[in-house]
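Okay, work-v2.pdb now, which holds PDB, C-alpha atoms:
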```pdb
ATOM      1  CA  MET A 130       6.892   8.909  -8.936
ATOM      2  CA  SER A 131       5.412   6.037 -10.919
ATOM      3  CA  SER A 132       2.092   6.445 -12.691
ATOM      4  CA  TYR A 133       0.399   3.891 -10.405
ATOM      5  CA  LEU A 134       1.619   5.536  -7.210
ATOM      6  CA  GLN A 135       1.124   9.027  -8.560
ATOM      7  CA  ASN A 136      -2.461   8.280  -9.499
ATOM      8  CA  LEU A 137      -3.116   6.688  -6.110
ATOM      9  CA  THR A 138      -1.613   9.625  -4.230
ATOM     10  CA  LEU A 139      -3.659  12.113  -6.237
ATOM     11  CA  ARG A 140      -6.854  10.098  -5.744
ATOM     12  CA  LEU A 141      -6.384   9.963  -1.993
ATOM     13  CA  ALA A 142      -5.379  13.615  -1.736
ATOM     14  CA  GLU A 143      -8.454  14.667  -3.691
ATOM     15  CA  GLY A 144     -10.730  12.647  -1.442
ATOM     16  CA  LEU A 145      -9.189  13.914   1.796
ATOM     17  CA  SER A 146      -9.390  17.519   0.617
ATOM     18  CA  LYS A 147     -13.160  17.214   1.152
ATOM     19  CA  LEU A 148     -12.742  16.553   4.878
ATOM     20  CA  PRO A 149     -13.245  19.322   7.440
ATOM     21  CA  THR A 150     -10.076  21.294   8.172
ATOM     22  CA  ALA A 151     -10.273  20.291  11.839
ATOM     23  CA  THR A 152     -10.146  16.605  10.877
ATOM     24  CA  ILE A 153      -7.140  17.152   8.614
ATOM     25  CA  ASP A 154      -5.390  19.156  11.344
ATOM     26  CA  ARG A 155      -5.996  16.450  13.936
ATOM     27  CA  HIS A 156      -4.592  13.596  11.885
ATOM     28  CA  ALA A 157      -1.691  15.667  10.547
ATOM     29  CA  ALA A 158      -0.724  16.557  14.110
ATOM     30  CA  TYR A 159      -0.814  12.871  15.052
ATOM     31  CA  LEU A 160       1.562  11.985  12.206
ATOM     32  CA  LEU A 161       3.893  14.894  12.892
ATOM     33  CA  ASN A 162       4.098  13.942  16.547
ATOM     34  CA  ALA A 163       5.632  10.604  15.481
ATOM     35  CA  GLN A 164       8.666  12.292  13.886
ATOM     36  CA  GLN A 165      11.829  11.675  15.894
ATOM     37  CA  PRO A 166      14.857  13.954  16.454
ATOM     38  CA  ASP A 167      16.796  12.096  13.731
ATOM     39  CA  GLY A 168      14.063  12.922  11.191
ATOM     40  CA  GLY A 169      12.557   9.449  10.932
ATOM     41  CA  PHE A 170       9.143   8.402  12.188
ATOM     42  CA  ALA A 171       8.445   5.863  14.880
ATOM     43  CA  GLY A 172       6.245   2.797  14.887
ATOM     44  CA  ARG A 173       4.706   1.104  17.889
ATOM     45  CA  MET A 174       8.041  -0.021  19.316
ATOM     46  CA  GLY A 175       9.496   3.489  19.384
ATOM     47  CA  GLY A 176      12.534   4.749  17.519
ATOM     48  CA  SER A 177      12.788   5.758  13.869
ATOM     49  CA  ASP A 178      11.977   3.112  11.288
ATOM     50  CA  LEU A 179      12.169   3.342   7.476
ATOM     51  CA  TYR A 180       8.926   1.424   6.983
ATOM     52  CA  TYR A 181       6.935   3.687   9.298
ATOM     53  CA  THR A 182       8.678   6.784   7.977
ATOM     54  CA  ALA A 183       7.347   6.022   4.512
ATOM     55  CA  PHE A 184       3.820   5.585   5.851
ATOM     56  CA  ALA A 185       3.971   8.835   7.805
ATOM     57  CA  LEU A 186       5.164  10.720   4.725
ATOM     58  CA  ARG A 187       2.440   9.100   2.640
ATOM     59  CA  GLY A 188      -0.141  10.253   5.174
ATOM     60  CA  LEU A 189       1.205  13.793   5.361
ATOM     61  CA  SER A 190       1.405  14.068   1.568
ATOM     62  CA  VAL A 191      -2.223  13.078   0.968
ATOM     63  CA  LEU A 192      -3.284  15.448   3.770
ATOM     64  CA  GLY A 193      -1.347  18.257   2.072
ATOM     65  CA  ARG A 194       0.874  18.734   5.131
ATOM     66  CA  LEU A 195       4.292  17.539   3.952
ATOM     67  CA  ASP A 196       6.337  20.744   4.039
ATOM     68  CA  GLU A 197      10.014  21.564   3.535
ATOM     69  CA  GLU A 198      10.902  21.630   7.240
ATOM     70  CA  VAL A 199       9.512  18.160   7.878
ATOM     71  CA  GLY A 200      10.920  16.961   4.571
ATOM     72  CA  GLU A 201      14.474  18.131   5.252
ATOM     73  CA  LYS A 202      14.571  16.250   8.546
ATOM     74  CA  ALA A 203      13.046  13.111   7.045
ATOM     75  CA  GLY A 204      15.399  13.324   4.066
ATOM     76  CA  GLN A 205      18.447  13.180   6.289
ATOM     77  CA  PHE A 206      17.128  10.071   8.011
ATOM     78  CA  ILE A 207      16.459   8.375   4.682
ATOM     79  CA  ARG A 208      19.937   9.217   3.374
ATOM     80  CA  ASN A 209      21.382   7.460   6.383
ATOM     81  CA  GLN A 210      19.452   4.287   5.483
ATOM     82  CA  MET A 211      20.873   3.941   1.977
ATOM     83  CA  SER A 212      24.058   2.140   3.018
ATOM     84  CA  SER A 213      22.327  -0.562   5.075
ATOM     85  CA  LYS A 214      21.231  -3.982   3.870
ATOM     86  CA  GLN A 215      17.706  -3.675   2.522
ATOM     87  CA  THR A 216      14.736  -5.919   1.746
ATOM     88  CA  ILE A 217      12.209  -5.331  -1.036
ATOM     89  CA  VAL A 218       9.917  -3.702   1.516
ATOM     90  CA  ASP A 219      12.745  -1.409   2.606
ATOM     91  CA  PHE A 220      13.613  -0.450  -0.975
ATOM     92  CA  PHE A 221       9.983   0.346  -1.708
ATOM     93  CA  SER A 222       9.712   2.408   1.488
ATOM     94  CA  LEU A 223      12.923   4.252   0.680
ATOM     95  CA  PHE A 224      12.152   5.059  -2.960
ATOM     96  CA  TYR A 225       8.541   5.955  -2.341
ATOM     97  CA  ALA A 226       9.457   8.200   0.585
ATOM     98  CA  ALA A 227      12.168   9.835  -1.513
ATOM     99  CA  SER A 228       9.755  10.503  -4.375
ATOM    100  CA  LEU A 229       7.236  12.085  -2.003
ATOM    101  CA  LEU A 230       9.903  14.305  -0.474
ATOM    102  CA  LEU A 231      11.009  15.492  -3.900
ATOM    103  CA  ILE A 232       7.498  16.226  -5.158
ATOM    104  CA  PHE A 233       5.893  17.677  -2.032
ATOM    105  CA  ALA A 234       8.846  19.186  -0.134
ATOM    106  CA  GLY A 235      11.465  19.788  -2.822
ATOM    107  CA  VAL A 236      13.997  17.572  -1.016
ATOM    108  CA  ASN A 237      16.261  15.449  -3.237
ATOM    109  CA  VAL A 238      17.411  12.488  -1.168
ATOM    110  CA  PHE A 239      19.604  11.141  -3.977
ATOM    111  CA  GLU A 240      21.392  14.395  -4.772
ATOM    112  CA  ASP A 241      24.766  13.168  -3.523
ATOM    113  CA  ALA A 242      24.188   9.425  -3.876
ATOM    114  CA  ASP A 243      26.414   7.106  -5.873
ATOM    115  CA  GLU A 244      24.967   7.107  -9.392
ATOM    116  CA  ARG A 245      25.548   3.352  -9.573
ATOM    117  CA  TRP A 246      23.246   2.684  -6.644
ATOM    118  CA  PRO A 247      20.014   2.356  -8.701
ATOM    119  CA  ASP A 248      21.778  -0.233 -10.888
ATOM    120  CA  GLN A 249      22.746  -2.180  -7.799
ATOM    121  CA  VAL A 250      19.151  -2.094  -6.558
ATOM    122  CA  ALA A 251      17.862  -3.284  -9.935
ATOM    123  CA  GLY A 252      20.411  -6.087  -9.859
ATOM    124  CA  PHE A 253      19.262  -7.144  -6.405
ATOM    125  CA  LEU A 254      15.642  -7.233  -7.561
ATOM    126  CA  ASP A 255      16.575  -9.347 -10.561
ATOM    127  CA  SER A 256      18.241 -11.847  -8.226
ATOM    128  CA  LEU A 257      14.845 -12.452  -6.632
ATOM    129  CA  ARG A 258      13.194 -13.642  -9.850
ATOM    130  CA  ARG A 259      12.186 -17.282  -9.691
ATOM    131  CA  GLU A 260      11.400 -19.946 -12.256
ATOM    132  CA  ASP A 261       7.689 -19.641 -11.521
ATOM    133  CA  GLY A 262       7.780 -16.088 -12.969
ATOM    134  CA  GLY A 263       7.336 -14.243  -9.697
ATOM    135  CA  TYR A 264       9.717 -12.595  -7.260
ATOM    136  CA  ALA A 265      10.655 -14.118  -3.933
ATOM    137  CA  LYS A 266      10.533 -12.263  -0.628
ATOM    138  CA  ALA A 267      14.279 -12.726  -0.072
ATOM    139  CA  GLU A 268      17.303 -14.306  -1.736
ATOM    140  CA  ALA A 269      16.743 -17.506   0.234
ATOM    141  CA  GLY A 270      13.163 -17.818  -1.030
ATOM    142  CA  HIS A 271      12.449 -20.660  -3.429
ATOM    143  CA  ALA A 272       9.150 -19.447  -4.890
ATOM    144  CA  GLY A 273       7.480 -16.245  -5.953
ATOM    145  CA  SER A 274       5.322 -14.138  -3.639
ATOM    146  CA  THR A 275       2.265 -12.280  -4.915
ATOM    147  CA  TYR A 276       2.814  -9.296  -2.624
ATOM    148  CA  HIS A 277       6.558  -9.030  -3.210
ATOM    149  CA  THR A 278       6.090  -9.332  -6.964
ATOM    150  CA  PHE A 279       3.784  -6.317  -6.700
ATOM    151  CA  LEU A 280       6.408  -4.434  -4.668
ATOM    152  CA  VAL A 281       9.095  -5.205  -7.249
ATOM    153  CA  LEU A 282       6.879  -3.755  -9.986
ATOM    154  CA  LEU A 283       6.448  -0.598  -7.914
ATOM    155  CA  VAL A 284      10.178  -0.242  -7.236
ATOM    156  CA  LEU A 285      10.986  -0.754 -10.917
ATOM    157  CA  GLU A 286       8.555   2.029 -11.789
ATOM    158  CA  LEU A 287      10.139   4.293  -9.192
ATOM    159  CA  LEU A 288      13.536   3.468 -10.689
ATOM    160  CA  ASP A 289      12.148   4.055 -14.189
ATOM    161  CA  ARG A 290      13.332   0.586 -15.215
ATOM    162  CA  PRO A 291      11.536  -1.766 -17.612
ATOM    163  CA  VAL A 292       9.827  -4.908 -16.384
ATOM    164  CA  ALA A 293      11.511  -8.058 -17.665
ATOM    165  CA  ASP A 294       9.321 -10.968 -18.806
ATOM    166  CA  LYS A 295       5.883  -9.461 -18.221
ATOM    167  CA  ASP A 296       4.291 -12.616 -19.601
ATOM    168  CA  GLY A 297       6.119 -14.668 -16.965
ATOM    169  CA  ILE A 298       4.773 -12.449 -14.183
ATOM    170  CA  ILE A 299       1.243 -12.712 -15.576
ATOM    171  CA  ARG A 300       1.533 -16.514 -15.699
ATOM    172  CA  PHE A 301       2.794 -16.503 -12.112
ATOM    173  CA  LEU A 302      -0.141 -14.414 -10.943
ATOM    174  CA  GLU A 303      -2.527 -16.714 -12.767
ATOM    175  CA  SER A 304      -1.009 -19.663 -10.912
ATOM    176  CA  GLN A 305      -1.775 -17.919  -7.598
ATOM    177  CA  ARG A 306      -5.413 -17.364  -8.453
ATOM    178  CA  GLU A 307      -8.046 -19.513  -6.788
ATOM    179  CA  PRO A 308     -10.784 -20.809  -9.125
ATOM    180  CA  ASP A 309     -13.573 -19.569  -6.861
ATOM    181  CA  GLY A 310     -12.049 -16.118  -6.445
ATOM    182  CA  GLY A 311      -9.100 -14.346  -4.870
ATOM    183  CA  TRP A 312      -5.350 -14.871  -4.927
ATOM    184  CA  ARG A 313      -2.952 -16.675  -2.621
ATOM    185  CA  GLU A 314       0.209 -15.030  -1.288
ATOM    186  CA  ILE A 315       2.476 -18.028  -1.949
ATOM    187  CA  ARG A 316       1.804 -21.352  -3.627
ATOM    188  CA  ALA A 317       1.833 -23.144  -0.270
ATOM    189  CA  SER A 318      -0.993 -20.954   1.057
ATOM    190  CA  LYS A 319      -4.182 -22.862   1.748
ATOM    191  CA  ARG A 320      -6.567 -20.015   0.924
ATOM    192  CA  ALA A 321      -6.832 -16.708  -0.843
ATOM    193  CA  GLY A 322      -6.555 -13.435   1.056
ATOM    194  CA  THR A 323      -7.792  -9.883   0.633
ATOM    195  CA  ASN A 324      -4.336  -8.328   0.549
ATOM    196  CA  PRO A 325      -2.687 -10.702  -1.955
ATOM    197  CA  THR A 326      -5.830 -10.322  -4.084
ATOM    198  CA  ALA A 327      -5.407  -6.556  -4.033
ATOM    199  CA  ALA A 328      -1.700  -6.919  -4.882
ATOM    200  CA  ALA A 329      -2.461  -9.259  -7.778
ATOM    201  CA  VAL A 330      -5.167  -7.047  -9.266
ATOM    202  CA  ALA A 331      -2.970  -3.949  -8.958
ATOM    203  CA  SER A 332      -0.078  -5.809 -10.606
ATOM    204  CA  LEU A 333      -2.283  -6.942 -13.488
ATOM    205  CA  LEU A 334      -3.592  -3.409 -13.940
ATOM    206  CA  MET A 335      -0.023  -2.075 -14.030
ATOM    207  CA  LEU A 336       0.796  -4.692 -16.668
ATOM    208  CA  ASP A 337      -2.410  -3.879 -18.581
ATOM    209  CA  ALA A 338      -3.403  -7.525 -18.256
ATOM    210  CA  ILE A 339      -7.046  -7.357 -17.147
ATOM    211  CA  ASP A 340      -9.515  -7.669 -20.007
ATOM    212  CA  GLU A 341     -13.026  -8.259 -18.723
ATOM    213  CA  ALA A 342     -14.270  -8.940 -22.226
ATOM    214  CA  LYS A 343     -11.811 -11.822 -22.625
ATOM    215  CA  ASP A 344     -11.919 -13.066 -19.034
ATOM    216  CA  PRO A 345     -15.169 -11.953 -17.367
ATOM    217  CA  GLU A 346     -14.773 -14.718 -14.788
ATOM    218  CA  LEU A 347     -11.656 -13.050 -13.350
ATOM    219  CA  VAL A 348     -13.521  -9.880 -12.449
ATOM    220  CA  ALA A 349     -16.708 -11.666 -11.367
ATOM    221  CA  THR A 350     -15.001 -14.144  -9.029
ATOM    222  CA  THR A 351     -12.746 -11.428  -7.616
ATOM    223  CA  LEU A 352     -15.759  -9.304  -6.745
ATOM    224  CA  ASP A 353     -17.538 -12.276  -5.189
ATOM    225  CA  PHE A 354     -14.474 -13.012  -3.059
ATOM    226  CA  LEU A 355     -14.058  -9.440  -1.828
ATOM    227  CA  VAL A 356     -17.751  -9.050  -1.033
ATOM    228  CA  GLU A 357     -17.494 -12.203   1.085
ATOM    229  CA  MET A 358     -14.680 -10.566   3.053
ATOM    230  CA  GLN A 359     -16.978  -7.848   4.439
ATOM    231  CA  THR A 360     -17.907  -8.659   8.036
ATOM    232  CA  GLU A 361     -20.872  -7.632  10.155
ATOM    233  CA  GLU A 362     -18.676  -4.801  11.475
ATOM    234  CA  GLY A 363     -18.657  -3.313   7.976
ATOM    235  CA  GLY A 364     -14.942  -3.559   7.257
ATOM    236  CA  LEU A 365     -13.116  -6.249   5.305
ATOM    237  CA  ARG A 366     -11.200  -9.135   6.864
ATOM    238  CA  ALA A 367      -7.897 -10.610   5.707
ATOM    239  CA  ASN A 368      -9.238 -14.074   4.817
ATOM    240  CA  THR A 369     -12.018 -16.514   5.601
ATOM    241  CA  ARG A 370     -10.259 -17.836   8.713
ATOM    242  CA  ILE A 371     -10.213 -14.422  10.380
ATOM    243  CA  PRO A 372     -13.609 -13.241  11.693
ATOM    244  CA  ILE A 373     -12.669  -9.615  12.437
ATOM    245  CA  ALA A 374     -12.181  -6.748   9.985
ATOM    246  CA  ASP A 375      -9.068  -4.572   9.928
ATOM    247  CA  LEU A 376      -8.148  -1.279   8.266
ATOM    248  CA  LEU A 377      -5.383  -2.709   6.059
ATOM    249  CA  SER A 378      -7.690  -5.276   4.441
ATOM    250  CA  SER A 379     -10.493  -2.714   4.307
ATOM    251  CA  PHE A 380      -8.331  -0.222   2.429
ATOM    252  CA  THR A 381      -6.782  -2.648  -0.058
ATOM    253  CA  GLY A 382     -10.099  -4.401  -0.639
ATOM    254  CA  ALA A 383     -12.014  -1.158  -1.161
ATOM    255  CA  LEU A 384      -9.325   0.185  -3.494
ATOM    256  CA  THR A 385      -9.528  -2.989  -5.569
ATOM    257  CA  LEU A 386     -13.310  -2.773  -5.740
ATOM    258  CA  LEU A 387     -13.068   0.824  -6.907
ATOM    259  CA  ASP A 388     -10.444  -0.091  -9.505
ATOM    260  CA  LEU A 389     -12.840  -2.756 -10.791
ATOM    261  CA  GLN A 390     -15.675  -0.196 -10.695
ATOM    262  CA  ALA A 391     -17.636  -2.221  -8.165
ATOM    263  CA  PHE A 392     -17.328  -0.478  -4.793
ATOM    264  CA  ASP A 393     -21.115  -0.489  -4.477
ATOM    265  CA  GLU A 394     -21.049  -4.309  -4.351
ATOM    266  CA  ILE A 395     -20.407  -4.008  -0.606
ATOM    267  CA  ASP A 396     -22.473  -2.235   2.045
ATOM    268  CA  ILE A 397     -20.859   1.208   1.860
ATOM    269  CA  ALA A 398     -22.765   2.622   4.847
ATOM    270  CA  ALA A 399     -21.521  -0.216   7.051
ATOM    271  CA  PHE A 400     -18.021   0.213   5.643
ATOM    272  CA  ARG A 401     -18.032   3.903   6.561
ATOM    273  CA  LYS A 402     -19.295   3.137  10.062
ATOM    274  CA  PHE A 403     -16.432   0.678  10.593
ATOM    275  CA  VAL A 404     -13.765   3.103   9.371
ATOM    276  CA  GLU A 405     -15.071   5.909  11.546
ATOM    277  CA  SER A 406     -15.153   3.582  14.564
ATOM    278  CA  MET A 407     -11.393   3.054  14.159
ATOM    279  CA  GLU A 408     -10.707   6.806  14.250
ATOM    280  CA  ARG A 409      -9.297   8.150  17.510
ATOM    281  CA  PRO A 410     -10.692  11.494  18.784
ATOM    282  CA  GLU A 411      -7.174  12.847  19.339
ATOM    283  CA  GLY A 412      -5.974  11.794  15.889
ATOM    284  CA  GLY A 413      -4.765   8.593  14.278
ATOM    285  CA  PHE A 414      -6.455   5.240  13.738
ATOM    286  CA  GLN A 415      -6.298   1.876  15.416
ATOM    287  CA  ALA A 416      -6.000  -1.278  13.314
ATOM    288  CA  ALA A 417      -9.069  -3.252  14.358
ATOM    289  CA  ALA A 418     -11.610  -3.673  17.155
ATOM    290  CA  TRP A 419      -9.330  -6.145  18.943
ATOM    291  CA  ASP A 420      -6.368  -3.753  18.732
ATOM    292  CA  ASP A 421      -6.488  -0.714  20.996
ATOM    293  CA  ALA A 422      -2.999   0.397  19.873
ATOM    294  CA  HIS A 423      -2.361   2.767  16.976
ATOM    295  CA  ASP A 424       0.434   3.822  14.628
ATOM    296  CA  VAL A 425       1.213   5.851  11.511
ATOM    297  CA  GLU A 426       0.734   2.844   9.199
ATOM    298  CA  TYR A 427      -2.862   2.212  10.186
ATOM    299  CA  THR A 428      -3.468   5.928  10.286
ATOM    300  CA  PHE A 429      -2.562   5.993   6.600
ATOM    301  CA  TYR A 430      -4.966   3.115   5.916
ATOM    302  CA  GLY A 431      -7.709   4.898   7.831
ATOM    303  CA  LEU A 432      -7.116   8.096   5.901
ATOM    304  CA  GLY A 433      -7.038   6.095   2.697
ATOM    305  CA  CYS A 434     -10.439   4.581   3.497
ATOM    306  CA  LEU A 435     -11.897   8.018   4.228
ATOM    307  CA  ALA A 436     -10.508   9.258   0.917
ATOM    308  CA  LEU A 437     -12.032   6.352  -1.012
ATOM    309  CA  LEU A 438     -15.380   6.996   0.687
ATOM    310  CA  ALA A 439     -15.421  10.658  -0.329
ATOM    311  CA  GLY A 440     -18.121  11.247  -2.863
ATOM    312  CA  GLN A 441     -19.627   7.757  -2.522
ATOM    313  CA  LYS A 442     -23.401   7.648  -2.396
ATOM    314  CA  ILE A 443     -24.991   5.748   0.459
ATOM    315  CA  ASP A 444     -28.487   4.350  -0.034
TER     316      ASP A 444
END
```

Mind turning the file's structure into structure tokens?
Amino acid sequence: MSSYLQNLTLRLAEGLSKLPTATIDRHAAYLLNAQQPDGGFAGRMGGSDLYYTAFALRGLSVLGRLDEEVGEKAGQFIRNQMSSKQTIVDFFSLFYAASLLLIFAGVNVFEDADERWPDQVAGFLDSLRREDGGYAKAEAGHAGSTYHTFLVLLVLELLDRPVADKDGIIRFLESQREPDGGWREIRASKRAGTNPTAAAVASLLMLDAIDEAKDPELVATTLDFLVEMQTEEGGLRANTRIPIADLLSSFTGALTLLDLQAFDEIDIAAFRKFVESMERPEGGFQAAAWDDAHDVEYTFYGLGCLALLAGQKID
């Protein structure tokens, strides 16, 4: 597992270990109940899905409940996905899930895989590089995407491959940055968003490209932007056009604030209240107040928020 993902997994696992056993049991049971007969995990539409399988395994791993039995079943599902046409999101889901299975369940998904396959994946990723220095969402894309550039960096780390033209990626991310704070997802975006901001900051941290002494404005404006994203509910919203908070934006925003050593810039008590209001008594989390549905993805974000809150002082 890459250093970024390994550190994140360990941070979340450490935080969740402080929760009551009954809470861990409840959410682990919710995630396990989503596993299908073919070993994959289902999303809201039903049926196994690689994307949701990765989120379920991430949740189980940070809860300390990813065992060999679950891992063997999930590993077989993931092996069956390797021959299909994949997107960057799929490759990230596949490699991250595989790394979790190896570390936490001792299951090697790639044991019998074609040894040339990682080279083919790396070649596909390289085909997505664009003149602006970023990586496009798909081969048909004409410009770089902040989020998908972040995903490419993660996949390259999982593949243990070097990053080509780091300076080009840094210049691309700088071009996505709004002067008054935050990052845009694509150059055509009209405003910055919480999630592309989190992706940009994480990418810059991975590239060791944030130096507050040299660029104090970057950190200051980023913090100002993220603080503005906190709503009266206590959670963070996706952008200024959306009035309601959600768990995805709350998790990525809070993680970014912690990485910039500024989590206390927001109202932590209100943040905790929002996260807990999204928690379902029978296990799992819903996405937002407007969304009464639930799934393993948002359950991971909810667990992630609880982990980040562990140990935080509330005035």

Q: For range 392-404 of chain A, please output as a count of residues only all residues within 8 Å (counting all atoms listed in the file; exclusion window: fewer than 5 positions along the same chain).
A: 17

Q.
Report, in Å to a single decimal, how far apart CA of Leu139 in chain A and CA of Phe224 in chain A are.
A.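 Atom-to-atom, CA of Phe224 in chain A to CA of Leu139 in chain A, that is 17.6 Å.
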
**Q.** Shell of 12 Å around Arg370 in chain A, only C-alpha atoms, local chain residues under 2 positions omitted, as a ChimeraX atom specification
**A.** /A:319-323,357-358,360,366-368,372-374

Q. Using only C-alpha atoms, which of A:Thr216, A:Leu355, A:Ala163, A:Ser274 sits nearest Thr369 in chain A?
A.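 For Thr369 in chain A, the nearest of the candidates is A:Leu355.
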
**Q.** Output of the PyMOL selection byres ((chain A and resi 260) around 12), listed as a PyMOL selection string
**A.** chain A and resi 255-259+261-265+270-273+294+297-298+300-301

**Q.** Residue among A:Pro166, A:Gly440, A:Gly252, A:Gly382 lying closest to Glu201 in chain A, counting only C-alpha atoms
**A.** A:Pro166

Q. Which one is closest to Ile315 in chain A: A:Lys266, A:Phe233, A:Gln215, A:Val284? Count only C-alpha atoms.
A. A:Lys266

Q: Take the PyMOL selection byres ((chain A and resi 314) around 7), apply it to the structure above, and return the hits as a list in words.
A: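 Expected selection for the PyMOL selection byres ((chain A and resi 314) around 7) here is Ser274, Thr275, Tyr276, Trp312, Arg313, Ile315, Arg316, Ser318 and Pro325 of chain A.
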
(Q) With distances taken over all atoms listed in the file, which residue among A:Pro308, A:Arg187, A:Ser132, A:Ala328 lies nearest Tyr427 in chain A? (A) A:Arg187

Q) In Å to one decimal, how far is CA of Ala439 in chain A from CA of Pro149 in chain A? A) 11.8 Å

Q: Write out as a list in words which residues come within 8 Å of Ala416 in chain A when counting only C-alpha atoms, dropping same-chain ones fewer than 2 positions away.
A: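 In the requested format, the answer is Asp375, Leu376, Leu377, Met407, Phe414, Ala418, Asp420, Asp421, Ala422, His423 and Tyr427 of chain A.
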
Q: Find, counting only C-alpha atoms, the residue in A:Ala171, A:Ala391, A:Leu384, A:Leu192 that gets nearest to Ala142 in chain A.
A: A:Leu192

Q | Residue nearest Asp248 in chain A - candidates A:Glu346, A:Glu426, A:Asp289, A:Glu341, atoms counted: only C-alpha atoms | A |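 Checking each candidate against Asp248 in chain A, we get A:Asp289 as the closest.
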
**Q.** Between CA of Val191 in chain A and CA of Asp167 in chain A - distance in Å to one decimal
**A.** 22.9 Å

Which residues are near Phe184 in chain A? Cut-off 9 Å, all atoms listed in the file, ignore same chain within fewer than 3 positions. Put them as a tab-separated table (two decimals) with C-alpha atoms, keeping the file's coordinate frame.
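Result saved to selection-v1.tsv:
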```tsv
chain	number	residue	atom	x	y	z
A	170	PHE	CA	9.14	8.40	12.19
A	179	LEU	CA	12.17	3.34	7.48
A	180	TYR	CA	8.93	1.42	6.98
A	181	TYR	CA	6.94	3.69	9.30
A	187	ARG	CA	2.44	9.10	2.64
A	188	GLY	CA	-0.14	10.25	5.17
A	189	LEU	CA	1.20	13.79	5.36
A	222	SER	CA	9.71	2.41	1.49
A	226	ALA	CA	9.46	8.20	0.58
A	425	VAL	CA	1.21	5.85	11.51
A	426	GLU	CA	0.73	2.84	9.20
A	427	TYR	CA	-2.86	2.21	10.19
A	428	THR	CA	-3.47	5.93	10.29
A	429	PHE	CA	-2.56	5.99	6.60
```

Q: Determine the residue membership of the PyMOL selection byres ((chain A and resi 330-336) around 10) for the file above and supply it as a VMD selection string.
A: chain A and resid 132 to 133 275 to 276 278 to 283 286 292 295 to 296 298 to 299 302 to 303 311 to 312 324 to 329 337 to 340 347 to 348 351 381 384 to 386 388 to 389

Excluding same-chain residues fewer than 5 positions from Ala234 in chain A, what lies within 8 Å of it counting only C-alpha atoms, as a PDB file with C-alpha atoms, in the coordinates of the input?
```pdb
ATOM      1  CA  LEU A 195       4.292  17.539   3.952  1.00  0.00           C
ATOM      2  CA  ASP A 196       6.337  20.744   4.039  1.00  0.00           C
ATOM      3  CA  GLU A 197      10.014  21.564   3.535  1.00  0.00           C
ATOM      4  CA  GLY A 200      10.920  16.961   4.571  1.00  0.00           C
ATOM      5  CA  GLU A 201      14.474  18.131   5.252  1.00  0.00           C
ATOM      6  CA  LEU A 229       7.236  12.085  -2.003  1.00  0.00           C
TER       7      LEU A 229
END
```

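Look at everything within 12 Å of (12.7, 14.3, 13.4) using only C-alpha atoms, and the residues you get are Leu160, Leu161, Asn162, Ala163, Gln164, Gln165, Pro166, Asp167, Gly168, Gly169, Phe170, Ala171, Gly176, Ser177, Asp178, Thr182, Ala185, Glu198, Val199, Gly200, Glu201, Lys202, Ala203, Gly204, Gln205, Phe206 and Ile207 of chain A.
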
Centre and size of axis-aligned box enclosing range 220-223 of chain A plus 5 Å each side, as lines of an AutoDock Vina configuration file:
```
center_x = 11.7
center_y = 1.9
center_z = -0.1
size_x = 13.9
size_y = 14.7
size_z = 13.2
```
